[in-house]
>>> print(open('coords33.csv').read())   # CSV, C-alpha atoms
chain,number,residue,atom,x,y,z
T,1,MET,CA,135.2,25.7,151.6
T,2,LEU,CA,137.7,25.9,148.8
T,3,PHE,CA,135.9,28.8,147.2
T,4,ALA,CA,135.9,30.7,150.5
T,5,ALA,CA,139.7,30.2,150.8
T,6,LEU,CA,140.1,31.4,147.2
T,7,ALA,CA,137.9,34.5,147.8
T,8,CYS,CA,139.9,35.3,151.0
T,9,ALA,CA,143.2,34.9,149.1
T,10,GLY,CA,141.9,37.2,146.4
T,11,PHE,CA,140.8,39.9,148.9
T,12,ALA,CA,144.2,39.6,150.7
T,13,CYS,CA,146.1,40.0,147.4
T,14,SER,CA,144.0,43.0,146.5
T,15,ALA,CA,144.5,44.6,149.9
T,16,ILE,CA,148.3,44.1,149.6
T,17,GLY,CA,148.2,45.6,146.1
T,18,SER,CA,146.3,48.6,147.4
T,19,HIS,CA,148.8,49.0,150.2
T,20,LEU,CA,151.6,48.9,147.6
T,21,ALA,CA,149.9,51.4,145.3
T,22,PRO,CA,151.9,54.5,146.4
T,23,LEU,CA,155.2,52.6,146.1
T,24,THR,CA,154.0,51.4,142.6
T,25,ALA,CA,153.3,55.0,141.6
T,26,ARG,CA,156.7,56.1,142.8
T,27,PHE,CA,158.5,53.3,141.0
T,28,ALA,CA,156.4,53.7,137.8
T,29,GLY,CA,156.8,57.5,137.7
T,30,GLY,CA,153.3,58.6,138.4
T,31,GLY,CA,149.7,57.4,139.0
T,32,GLN,CA,148.9,56.9,135.3
T,33,ARG,CA,151.9,54.7,134.8
T,34,ALA,CA,151.1,52.8,138.0
T,35,VAL,CA,147.6,52.0,136.6
T,36,VAL,CA,149.2,50.7,133.4
T,37,ALA,CA,151.7,48.6,135.5
T,38,GLY,CA,149.0,47.2,137.7
T,39,LEU,CA,146.8,46.2,134.9
T,40,ALA,CA,149.7,44.7,133.0
T,41,ALA,CA,150.6,42.7,136.1
T,42,GLY,CA,147.0,41.5,136.3
T,43,ALA,CA,147.0,40.5,132.7
T,44,GLY,CA,150.2,38.6,133.3
T,45,GLY,CA,148.4,36.7,136.0
T,46,LEU,CA,145.6,35.8,133.6
T,47,PHE,CA,148.1,34.6,131.0
T,48,LEU,CA,149.7,32.4,133.7
T,49,LEU,CA,146.3,31.0,134.5
T,50,ALA,CA,145.8,30.3,130.7
T,51,ALA,CA,149.1,28.5,130.7
T,52,THR,CA,148.0,26.2,133.5
T,53,ALA,CA,144.5,25.6,132.2
T,54,VAL,CA,145.5,22.4,130.4
T,55,SER,CA,148.2,21.4,132.8
T,56,THR,CA,148.2,19.2,135.8
T,57,GLY,CA,150.7,18.6,138.6
T,58,THR,CA,152.4,20.6,141.3
T,59,ALA,CA,154.1,23.1,139.0
T,60,ALA,CA,150.8,23.9,137.3
T,61,ALA,CA,149.1,24.4,140.7
T,62,VAL,CA,151.8,26.7,141.9
T,63,LEU,CA,151.8,28.7,138.7
T,64,GLY,CA,148.0,28.9,138.8
T,65,ALA,CA,148.1,30.1,142.4
T,66,ALA,CA,150.7,32.7,141.4
T,67,GLY,CA,148.6,33.8,138.5
T,68,PHE,CA,145.5,34.1,140.6
T,69,GLY,CA,147.4,36.2,143.2
T,70,LEU,CA,148.9,38.4,140.5
T,71,VAL,CA,145.5,39.2,139.0
T,72,TYR,CA,144.3,40.5,142.3
T,73,LEU,CA,147.6,42.1,143.3
T,74,GLY,CA,147.7,44.0,140.0
T,75,ARG,CA,144.1,45.2,140.2
T,76,GLY,CA,144.7,46.2,143.8
T,77,ALA,CA,147.7,48.2,142.9
T,78,ALA,CA,145.9,50.0,140.0
T,79,GLY,CA,142.7,50.8,141.9
T,80,PRO,CA,143.9,53.6,144.2
T,81,SER,CA,145.8,55.4,141.3
T,82,GLU,CA,142.7,55.1,139.1
T,83,ASN,CA,140.6,56.7,141.8
T,84,GLU,CA,143.2,59.4,142.4
T,85,LEU,CA,143.2,60.3,138.7
T,86,LEU,CA,139.4,60.3,138.5
T,87,HIS,CA,139.3,62.5,141.6
T,88,GLY,CA,141.7,65.0,140.0
T,89,ARG,CA,139.9,65.2,136.7
T,90,VAL,CA,136.4,65.6,138.0
T,91,GLU,CA,135.2,68.8,139.9
T,92,GLY,CA,134.0,68.3,143.4
T,93,SER,CA,130.3,68.7,142.6
T,94,GLY,CA,130.5,65.7,140.1
T,95,ARG,CA,132.8,63.3,142.0
T,96,ALA,CA,130.1,61.2,143.6
T,97,THR,CA,128.3,60.8,140.3
T,98,ALA,CA,131.6,59.9,138.5
T,99,LEU,CA,132.4,57.3,141.2
T,100,SER,CA,128.9,55.9,140.9
T,101,VAL,CA,129.2,55.7,137.1
T,102,GLN,CA,132.6,54.0,137.5
T,103,SER,CA,131.1,51.5,139.9
T,104,LEU,CA,128.1,50.8,137.7
T,105,ALA,CA,130.4,50.3,134.6
T,106,LEU,CA,132.5,47.9,136.5
T,107,GLN,CA,129.5,45.9,137.7
T,108,LEU,CA,128.0,45.8,134.1
T,109,SER,CA,131.3,44.8,132.5
T,110,ALA,CA,131.8,42.1,135.2
T,111,ALA,CA,128.3,40.7,134.5
T,112,LEU,CA,128.7,40.7,130.8
T,113,THR,CA,132.2,39.2,131.0
T,114,GLY,CA,131.0,36.5,133.4
T,115,SER,CA,128.2,35.6,131.0
T,116,ILE,CA,130.4,35.5,128.0
T,117,ALA,CA,133.2,33.5,129.7
T,118,GLY,CA,130.6,31.0,130.8
T,119,LEU,CA,129.7,30.3,127.2
T,120,LEU,CA,133.3,29.7,126.2
T,121,PRO,CA,134.8,26.2,126.2
T,122,PRO,CA,136.9,25.2,129.2
T,123,GLY,CA,140.6,25.6,128.8
T,124,PRO,CA,143.0,28.5,128.2
T,125,LEU,CA,140.7,30.6,125.9
T,126,PRO,CA,138.7,32.4,128.6
T,127,TRP,CA,141.9,33.3,130.4
T,128,LEU,CA,143.6,34.5,127.3
T,129,LEU,CA,140.6,36.7,126.3
T,130,GLY,CA,140.6,38.1,129.8
T,131,GLY,CA,144.3,38.9,129.6
T,132,VAL,CA,143.9,40.6,126.3
T,133,ALA,CA,141.0,42.6,127.5
T,134,MET,CA,143.0,43.7,130.6
T,135,LEU,CA,145.9,44.7,128.4
T,136,ALA,CA,143.6,46.7,126.2
T,137,GLY,CA,142.3,48.4,129.3
T,138,ALA,CA,145.8,49.2,130.3
T,139,LEU,CA,146.5,50.8,126.9
T,140,LEU,CA,143.6,53.2,127.5
T,141,TRP,CA,145.7,54.6,130.4
T,142,VAL,CA,148.9,55.2,128.4
T,143,ASP,CA,149.6,58.9,128.0
T,144,ARG,CA,149.5,59.6,124.3
T,145,GLY,CA,151.2,62.9,124.9
T,146,ARG,CA,149.4,66.2,125.0
T,147,PRO,CA,149.8,68.7,122.2
T,148,ALA,CA,152.2,71.5,123.1
T,149,ALA,CA,150.4,74.4,124.6
T,150,ALA,CA,150.5,77.6,122.6
T,151,PRO,CA,152.9,80.2,124.1
T,152,SER,CA,151.1,82.9,126.0
T,153,ALA,CA,151.2,86.4,124.7
T,154,VAL,CA,152.9,87.8,127.8
T,155,GLY,CA,156.5,87.0,128.1
T,156,SER,CA,156.7,84.5,125.3
T,157,ALA,CA,158.5,86.6,122.7
T,158,ALA,CA,162.3,86.7,122.5
T,159,PRO,CA,163.7,89.8,124.2
T,160,PRO,CA,164.5,92.6,121.8
T,161,VAL,CA,168.1,93.0,120.6
T,162,GLY,CA,170.0,95.0,123.2
T,163,ALA,CA,167.6,94.1,126.0
T,164,VAL,CA,169.0,93.1,129.4
T,165,THR,CA,168.4,89.4,129.7
T,166,GLY,CA,170.7,88.6,132.6
T,167,ASP,CA,172.9,86.5,130.3
T,168,GLY,CA,175.6,89.1,130.2
T,169,PRO,CA,176.3,92.8,130.2
T,170,PRO,CA,173.6,95.1,129.0
T,171,HIS,CA,173.8,96.4,125.4
T,172,ASP,CA,172.9,99.9,124.3
T,173,GLY,CA,171.7,99.0,120.9
T,174,PRO,CA,172.3,96.8,117.9
>>> encode(input="coords33.csv", output="structure tokens")
Amino acid sequence: MLFAALACAGFACSAIGSHLAPLTARFAGGGQRAVVAGLAAGAGGLFLLAATAVSTGTAAAVLGAAGFGLVYLGRGAAGPSENELLHGRVEGSGRATALSVQSLALQLSAALTGSIAGLLPPGPLPWLLGGVAMLAGALLWVDRGRPAAAPSAVGSAAPPVGAVTGDGPPHDGP
């Protein structure tokens, strides 16, 4: 019964995050930054869970619940922007394949992560590693800056001396 309540809370937080995705993208300044913000929020939730892994009491339970919710809220907020970016970068004929590959990669990474986390000792270590992995994933979305495009041949040169540029009166020559 407790697991069902936790799963329901996780789905609800993910749905709220997905609903807030457009607002997140607006505040962050674009979809790419929204993905980084969402993943960073999710990592923050995992770090909160790590902090409460060796604690007891009401405060630890409240922080643990907040961390749990933050993980799902952050992932929910990042998901729609990730899909939008994927949609914009893949041609129409390959979108279904790209989405399938994305889904399979997620399932594989979840299976491997679950297997590895199960081998780790109880306590904060699994949560810390998960938070670090999520932050590393967020860094993959950081725009590294694109190299400046080479100026095109048409219209890129400075106007010749004496040309009419609209900046002042025309000149007849040098």
>>> atom_distance(input="coords33.csv", atom1="CA of Ala40 (chain T)", atom2="CA of Gly69 (chain T)")
13.5 Å
>>> closest_residue(input="coords33.csv", among="T:Gly92, T:Leu49, T:Phe68, T:Ser18", to="Leu6 (chain T)", atoms="all atoms listed in the file")
T:Phe68
>>> atom_distance(input="coords33.csv", atom1="CA of Val35 (chain T)", atom2="CA of Val132 (chain T)")
15.8 Å
>>> atom_distance(input="coords33.csv", atom1="CA of Gly64 (chain T)", atom2="CA of Ala136 (chain T)")
22.2 Å
